Amino acid sequence: MELTLWTYEGPPHVGAMRVASSMKDIHYVLHAPQGDTYADLLFTMIERRGKRPPVTYTTFQARDLGGDTAELVKRNITEAVERFKPKTLLVGESCTAELIQDQPGALAKGMGFDIPIVNLELPAYSKKENWGASETFYQIIRTLLKDKVNEIEKINPKRWKSLGRRPKVNILGPTLLGFRCRDDVIEIQRILSEQGIDTNVVAPLGSTPDDISRLTDADINICLYQEIAETSCEWLKRNYGMEYTTTIPIGIKNTINFINEVHEKLDLPLSNQEELEHKSKLPWYSKSVDSNYLTGKRVFIFGDGTHAIAAAKIAKEELGFEVVGLGTYSREMARQIRATAKDMNIEALITNNYLEVEDAMKKASPELVLGTQMERHSAKRLGIPCAVISTPMHVQDVPARYSPQMGWEGANVIFDDWVHPLMMGLEEHLIDMFKHDFEFVDGHQSHLGHTATTVKNDINSEEKENINKGGIIWTESGRAELTKVPFFVRGKVKTNTEKYAKSKGIPEISDETLYDAKAFFN
Amino acid sequence: MISLMSKVEFNKETGPREVFCGLTSIVWLHRRMPDAFFLVVGSRTCAHLIQSAAGVMIFAEPRFGTAILEEKDLAGLADAHEELDRVVNDLIARRPEIKTLFLVGSCPSEVIKLDLGTVAEKLNTRFLGQVRFVNYSGSGIETTFTQGEDGALKALVPLMESSDDEKLLLVGTLANNVEDRFKKIFNNIGINNVESFPPRQSTELPKIGKNTKVLLTQPYLSDTVRDLEHRGCEIVYAPFPLGVEGSTKWFLAAADAFKIPELKVHEVIAPLANRARQALEKHTEILRGKKLFLLPESQLEISLARFLHNECEMDLVEVGTPYLNKDLMEEELNLLPDETKIVEGQHVEKQLDRVRASNPDLVVCGMGLANPLEAEGISTKWSIEMVFSPIHGIDQAADLAGLFSRPLKRNQILTSKTLATH
């Protein structure tokens with residue numbers, strides 16, 4: 001039993017719903033009680049979908065449990081097939097139905113329908129949402145393609161040459177309620193078509209069961225989100241020999257690496273390598289003098305595996321930040337996160353407990369947090385600027401404008417989204433220069449500053465009390481000097497000075513102590 | 001009375017539903033009693049449901065949580081009880097300010113027959129004088145949405161001490177400002193001893209007895225009412241205090257129970273009612289003659305239908321309700337127009353077919369259905385807003401009407417603009 005106040009991921013059947021709702025001509029009969037219908041609102045409210053998820057909930061009640069719940073399942077399956085006429089039917093159960101063991105998938109298969117039926121067994125007491133999405137996508141592919149395995153010879157990624165056509169790829173992994181998936185797909189398709197590469201199928205997002213059946217027309221697979229598509233890509237490789245890419249095209253370096261990987265796999269010469277550097281504004285923006293002030297900014301990163309790893313690399317290598325914390329709630333990707341953290345000489349945080357994340361954030365005292373919506377709230381409480389980089393989804397993560405994370409435009413979006421919450425480079429410098437001018441009032445900060453707490457000029461009585469509690473007293477001169485420190489670093493300077501004073505056994509902090517501490521920490 | 005009721009058309013429907021379960025009511029109950037904690041014993045789905053319904057990311061550390069069952073908890077119930085013990089100990093160590101801890105059963109805990117009653121009993125002995133434990137079920141196999149509050153209140157009834165003092169007890173969660181307002185109006189009418197259940201502090205439960213007159217503020221409290229009756233309380237039957245009409249009759253019923261003349265009530269209420277009717281007028285202008293379809297969810301549907309028809313002149317196509325207690329709803333049903341179609345239960349697909357076929361101007365429905373209906377060109381109002389907004393009482397009548405006129409007004413604005421650009 002695990003005490004959970006808030007969870008990053010839903011149960012695995014919500015992952016299955018993400019896949020089903022992303023697709024067309026598919027229906028999901030879910031053996032579940034009425035309360036489970038809440039999951040519809042994730043799609044209709046957060047994604048603002050104008051369509052109900054294609055899900056029929058059997059909504060069994062306590063009084064049904066004494067009787068024949070299996071009959072109830074069958075009735076719902078019959079009605080759903082008649083009403084929605086799906087080309088493929090998914091059948092599964094949520095946590096409660098798993099306990100009563102009606103085996104709805106097996107029931108459905110015995111009902112004599114002439115459509116493919118995918119039996120989803122998603123253990124609700126040990127697995128979570130992303131795993132459920134991955135497993136569902138894999139089961140759909142396996143159900144629709146397993147009979148063809150022996151009919152087709154292994155797919156050679158270079159076969160497009162002998163077939164006399166442009167190379168073709170599948171883009172696998174984007175789903176509804178995935179972070180900026182909608183726009184990532186457009187960006188990646190744009191990049192590929194620039195290179196003369198066609199898209200065969202994008203799935204699950206926007207695909208039909210017929211599309212799944214023709215996945216094997218492509219030469220290779222693009223695994224866009226490991227959490228969702230890796231299992232499927234592996235299966236297609238094992239059974240059809242289809243190669244798949246492992247580079248996630250987030251950030252300039254990895255977008256270039258991705259393009260190179262695709263070209264290598266397809267044995268397609270890359271003619272515009274030189275041009276690639278200039279496709280995005282991020283490299284120049286990062287190099288421009290204004291960005292000098294970004295150097296060494298301490299950044300704390302937490303999110304799903306894919307986006308957290310990508311963020312760490314961009315932060316360190318493309319923006320010149322210092323990564324002081326890295327973690328994920330995706331246990332499936334813990335190994336990779338640990339490896340990335342090790343490269344950066346920090347220890348990875350693998351947890352599903354947001355309070356632990358908040359504690360780690362506090363300890364790391366970052367200047368920028370890159371996290372989920374929950375870290376945005378934690379950071380707000382701590383007065384630290386934050387940008388959101390990962391699911392779980394919030395209505396704000398489905399912007400009206402084109403706003404990918406991947407590819408060239410994705411890099412532009414990332415530069416803006418991460419840098420704007422910080423004190424803007426030169427602006428920070430100017431505020432520091434002019435801080436003694438009478439026009440300057442505390443609380444004036446970058447228009448995009450998300451700092452929650454306004455630090456007052458004077459140290460208030462509560463603070464004085466705290467100071468006394470710790471046995472350290474700020475003298476008049478010390479306090480006067482502290483007010484001259486720009487407000488956005490004042491808290492940090494105060495803490496550091498006290499820490500210094502304590503360690504040196506200094507009972508009173510004067511202006512000189514403050515400068516001693518400054519020199520010490522520099 | 002019964003013969004009067006027959007003018008309303010009753011239907012029952014079964015099938016797939018689209019409603020919340022009783023756990024959802026934790027969202028408003030925990031706000032009402034800031035010294036209480038609600039611990040759901042359930043699955044990750046339960047945790048996800050509450051946070052999704054509540055949009056709880058705004059809280060640093062909410063006063064509700066889920067003890068998520070894991071595979072090893074399912075293997076042996078003895079272990080599950082021990083595990084729950086451990087979780088509760090951790091929780092109390094972390095949140096020592098908690099005075100009452102609700103152990104809330106869920107679908108999975110009910111199916112595996114986890115005995116939360118026994119657990120609560122043991123914990124009560126151990127934490128005597130520090131924390132009080134009560135248990136109830138918010139499971140979706142037994143309860144729908146607001147019925148969760150019924151379960152929570154019912155669980156508190158045995159803890160209420162006895163007293164023969166004469167008092168008016170308002171039962172059902174109210175917004176604090178509405179509660180204050182009601183108390184003031186009752187005082188003006190001449191009823192001075194007015195208490196609320198649930199109280200603002202879980203430890204300050206009202207005392208009850210044979211001179212307690214119970215007046216419901218919410219229609220979904222069947223089980224609580226039954227237990228209060230067993231404790232000797234007198235139940236005052238009335239329409240619910242939504243709109244001017246409902247609220248007036250509600251005040252009158254209370255006054256009658258206290259033998260206060262009707263005239264006195266009218267004297268106090270008349271100016272408020274006049275003011276409220278004026279405020280209602282601008283909403284009625286928009287709502288008049290518009291066709292309304294209510295899907296089942298909160299059990300407030302019948303009272304809302306009565307208000308929107310009688311005071312805002314809307315036409316009722318169908319009034320859905322997840323559950324109908326004819327005794328508690330009798331006064332409301334009597335106020336409905338002839339041949340109102342009431343449907344208890346749901347087959348969501350068939351009901352949506354009827355929605356489309358009847359081409360209503362406004363549909364009251366859950367959040368899962370709202371945008372899809374809007375995309376089909378049907379205006380909607382989410383029912384969950386009724387349990388989060390202060391809508392009770394005469395002073396709130398116009399605000400309540402506003403919840404329904406706003407989507408229609410918005411449609412008018414957007415449509416005329418679109419036309420202008422074409």
# chains A, B, ... in the order shown; residues from 1 in each chain; ligands from 1
>>> interface_residues(of="chain B", to="chain A", cutoff="8 Å", atoms="only C-alpha atoms", output="JSON, numbers by chain")
{"B": [15, 16, 17, 18, 19, 20, 21, 22, 43, 44, 45, 47, 48, 49, 51, 52, 53, 57, 58, 60, 61, 62, 64, 65, 66, 67, 68, 69, 70, 71, 73, 80, 83, 84, 87, 107, 108, 111, 112, 139, 140, 141, 142, 144, 367, 368, 369, 370, 371, 372, 373, 374, 375, 376]}
>>> write_last_selection(atoms="C-alpha atoms", output="short mmCIF file (atom, residue, chain, number, x, y, z; two decimals), in the first residue's frame")
data_model
loop_
_atom_site.label_atom_id
_atom_site.label_comp_id
_atom_site.auth_asym_id
_atom_site.auth_seq_id
_atom_site.Cartn_x
_atom_site.Cartn_y
_atom_site.Cartn_z
CA GLY B 15 -27.06 0.73 -19.25
CA PRO B 16 -23.66 2.34 -19.56
CA ARG B 17 -23.43 5.48 -17.45
CA GLU B 18 -21.39 8.64 -17.62
CA VAL B 19 -21.29 9.90 -14.05
CA PHE B 20 -18.79 10.42 -11.26
CA CYS B 21 -18.59 8.09 -8.27
CA GLY B 22 -19.07 9.11 -4.64
CA SER B 43 -6.44 2.08 -6.58
CA ARG B 44 -4.41 4.46 -8.71
CA THR B 45 -7.65 5.07 -10.61
CA ALA B 47 -6.29 8.83 -6.89
CA HIS B 48 -6.34 9.91 -10.52
CA LEU B 49 -10.10 10.43 -10.47
CA GLN B 51 -7.12 14.83 -8.75
CA SER B 52 -8.65 15.05 -12.24
CA ALA B 53 -12.09 16.04 -11.00
CA MET B 57 -2.41 20.70 -8.58
CA ILE B 58 -2.93 23.98 -6.79
CA ALA B 60 0.79 22.13 -1.61
CA GLU B 61 -0.35 19.12 0.29
CA PRO B 62 -4.04 18.34 0.02
CA PHE B 64 -7.07 13.97 0.96
CA GLY B 65 -5.09 11.12 -0.43
CA THR B 66 -5.26 7.52 -1.53
CA ALA B 67 -3.74 4.45 0.06
CA ILE B 68 -3.12 2.71 -3.25
CA LEU B 69 -3.60 -1.05 -3.12
CA GLU B 70 -0.75 -3.01 -4.61
CA GLU B 71 -0.54 -6.59 -5.72
CA ASP B 73 -2.24 -6.18 -0.62
CA ALA B 80 -3.74 -5.30 3.78
CA GLU B 83 -0.42 -2.06 5.57
CA LEU B 84 -3.31 0.33 6.07
CA VAL B 87 -0.06 4.19 6.10
CA CYS B 107 -14.74 -0.08 -5.67
CA PRO B 108 -11.68 -2.31 -5.22
CA VAL B 111 -14.84 -6.00 -3.87
CA ILE B 112 -11.99 -7.49 -1.84
CA SER B 139 -17.32 3.45 -4.26
CA GLY B 140 -18.77 3.75 -7.72
CA ILE B 141 -20.44 0.36 -7.46
CA GLU B 142 -22.64 1.76 -4.69
CA THR B 144 -22.96 8.25 -7.54
CA MET B 367 -17.54 17.45 -18.10
CA GLY B 368 -16.83 14.39 -20.23
CA LEU B 369 -19.80 15.18 -22.46
CA ALA B 370 -19.79 18.99 -22.58
CA ASN B 371 -17.25 19.73 -25.32
CA PRO B 372 -18.40 16.90 -27.59
CA LEU B 373 -21.97 18.25 -27.41
CA GLU B 374 -20.74 21.80 -28.00
CA ALA B 375 -18.87 20.52 -31.05
CA GLU B 376 -22.21 19.21 -32.32
#
>>> select_by_dssp(residues="range 37-139 of chain B", states="helix (DSSP H, G or I)", output="VMD selection string")
chain B and resid 44 to 54 56 to 58 71 to 75 77 to 94 107 to 111 116 to 126
>>> closest_residue(among="A:Met406, A:Val29, A:Val493, A:Ile350", to="Phe521 in chain A", atoms="only C-alpha atoms")
A:Val493
>>> residues_around(residues="Ser109 in chain B", least_positions_apart="5", cutoff="7 Å", atoms="only C-alpha atoms", output="JSON, numbers by chain")
{"B": [41, 42, 114]}
>>> residues_around(residues="Gly173 in chain A", least_positions_apart="2", cutoff="12 Å", atoms="only C-alpha atoms", output="PyMOL selection string")
chain A and resi 18-19+22-23+130+133-138+170-171+175-179+181-182+184-185+201-207+221-233+248+306
>>> write_last_selection(atoms="C-alpha atoms", output="CSV table (one decimal), in the first residue's frame")
chain,number,residue,atom,x,y,z
A,18,ARG,CA,-5.0,7.5,-24.9
A,19,VAL,CA,-4.1,5.1,-27.7
A,22,SER,CA,-5.8,8.8,-30.7
A,23,MET,CA,-7.1,6.4,-33.4
A,130,ASN,CA,2.5,5.0,-19.9
A,133,ALA,CA,-0.4,3.0,-23.6
A,134,SER,CA,2.8,1.2,-24.7
A,135,GLU,CA,1.2,-2.2,-24.1
A,136,THR,CA,-2.0,-1.3,-25.9
A,137,PHE,CA,-0.2,0.1,-28.9
A,138,TYR,CA,1.9,-3.1,-29.1
A,170,ASN,CA,6.5,5.3,-39.9
A,171,ILE,CA,6.4,7.8,-37.1
A,175,THR,CA,-0.8,10.1,-28.7
A,176,LEU,CA,-3.4,12.4,-27.2
A,177,LEU,CA,-2.4,13.6,-23.8
A,178,GLY,CA,1.2,13.3,-24.8
A,179,PHE,CA,3.4,16.4,-24.4
A,181,CYS,CA,2.7,15.4,-29.7
A,182,ARG,CA,0.3,17.1,-32.2
A,184,ASP,CA,6.0,17.4,-32.9
A,185,VAL,CA,4.5,15.2,-35.6
A,201,VAL,CA,1.9,6.1,-41.3
A,202,VAL,CA,1.8,8.2,-38.1
A,203,ALA,CA,0.5,6.1,-35.2
A,204,PRO,CA,-1.3,5.9,-32.9
A,205,LEU,CA,-2.3,9.6,-33.4
A,206,GLY,CA,-4.7,9.9,-36.3
A,207,SER,CA,-4.3,6.3,-37.6
A,221,ASN,CA,10.3,3.2,-38.0
A,222,ILE,CA,10.9,6.5,-36.2
A,223,CYS,CA,10.5,5.8,-32.4
A,224,LEU,CA,9.3,9.3,-31.4
A,225,TYR,CA,8.5,8.6,-27.8
A,226,GLN,CA,10.2,5.6,-26.2
A,227,GLU,CA,7.7,5.4,-23.4
A,228,ILE,CA,4.9,4.6,-25.9
A,229,ALA,CA,6.5,3.1,-29.0
A,230,GLU,CA,9.7,1.2,-28.0
A,231,THR,CA,8.0,-2.1,-27.4
A,232,SER,CA,6.2,-1.9,-30.7
A,233,CYS,CA,9.3,-0.9,-32.6
A,248,ILE,CA,14.9,11.7,-29.9
A,306,THR,CA,12.2,11.3,-22.8
>>> residues_around(residues="Glu97 in chain B", least_positions_apart="6", cutoff="12 Å", atoms="only C-alpha atoms", output="list of chain:residue names")
B:Pro34, B:Asp35, B:Ala36, B:Phe37, B:Arg63, B:Leu91, B:Gln130, B:Val131, B:Arg132
>>> write_last_selection(atoms="N, CA and C atoms", output="PDB file, in the first residue's frame")
ATOM      1  N   PRO B  34     -11.875  21.809   7.425  1.00  0.00           N
ATOM      2  CA  PRO B  34     -10.418  21.912   7.237  1.00  0.00           C
ATOM      3  C   PRO B  34      -9.603  21.120   8.265  1.00  0.00           C
ATOM      4  N   ASP B  35     -10.241  20.562   9.287  1.00  0.00           N
ATOM      5  CA  ASP B  35      -9.474  19.780  10.260  1.00  0.00           C
ATOM      6  C   ASP B  35      -9.623  18.280  10.003  1.00  0.00           C
ATOM      7  N   ALA B  36     -10.198  17.934   8.861  1.00  0.00           N
ATOM      8  CA  ALA B  36     -10.400  16.517   8.547  1.00  0.00           C
ATOM      9  C   ALA B  36      -9.526  16.094   7.374  1.00  0.00           C
ATOM     10  N   PHE B  37      -9.203  14.824   7.343  1.00  0.00           N
ATOM     11  CA  PHE B  37      -8.451  14.266   6.222  1.00  0.00           C
ATOM     12  C   PHE B  37      -9.255  13.107   5.652  1.00  0.00           C
ATOM     13  N   ARG B  63      -5.636  17.789   1.753  1.00  0.00           N
ATOM     14  CA  ARG B  63      -6.119  17.035   2.895  1.00  0.00           C
ATOM     15  C   ARG B  63      -6.935  15.829   2.453  1.00  0.00           C
ATOM     16  N   LEU B  91       0.750   8.866   8.081  1.00  0.00           N
ATOM     17  CA  LEU B  91      -0.040  10.054   7.759  1.00  0.00           C
ATOM     18  C   LEU B  91      -0.236  10.926   8.990  1.00  0.00           C
ATOM     19  N   GLN B 130      -6.911  11.799  20.306  1.00  0.00           N
ATOM     20  CA  GLN B 130      -6.037  12.521  19.372  1.00  0.00           C
ATOM     21  C   GLN B 130      -6.705  12.681  18.013  1.00  0.00           C
ATOM     22  N   VAL B 131      -7.073  11.553  17.419  1.00  0.00           N
ATOM     23  CA  VAL B 131      -7.730  11.579  16.100  1.00  0.00           C
ATOM     24  C   VAL B 131      -8.937  10.656  16.158  1.00  0.00           C
ATOM     25  N   ARG B 132      -9.999  11.077  15.475  1.00  0.00           N
ATOM     26  CA  ARG B 132     -11.184  10.247  15.408  1.00  0.00           C
ATOM     27  C   ARG B 132     -11.261   9.619  14.027  1.00  0.00           C
TER      28      ARG B 132
END
>>> atom_distance(atom1="CA of Val27 in chain B", atom2="CA of Leu39 in chain B")
12.1 Å
>>> closest_residue(among="B:Met314, B:Val348, B:Leu272, B:Leu221", to="Thr284 in chain B", atoms="only C-alpha atoms")
B:Met314
>>> select_by_dssp(residues="range 131-197 of chain A", states="strand (DSSP E or B)", output="list in words")
Lys168, Val169, Asn170, Ile171 and Leu172 of chain A
>>> write_last_selection(atoms="C-alpha atoms", output="mmCIF file, in the first residue's frame")
data_model
loop_
_atom_site.group_PDB
_atom_site.id
_atom_site.type_symbol
_atom_site.label_atom_id
_atom_site.label_comp_id
_atom_site.auth_asym_id
_atom_site.auth_seq_id
_atom_site.Cartn_x
_atom_site.Cartn_y
_atom_site.Cartn_z
ATOM 1 C CA LYS A 168 9.239 5.868 -46.464
ATOM 2 C CA VAL A 169 9.084 5.839 -42.687
ATOM 3 C CA ASN A 170 6.514 5.349 -39.935
ATOM 4 C CA ILE A 171 6.363 7.831 -37.079
ATOM 5 C CA LEU A 172 5.415 5.871 -33.969
#
>>> atom_distance(atom1="CA of Thr14 in chain B", atom2="CA of Val319 in chain B")
15.3 Å
>>> atom_distance(atom1="CA of Thr208 in chain A", atom2="CA of Pro86 in chain A")
10.0 Å
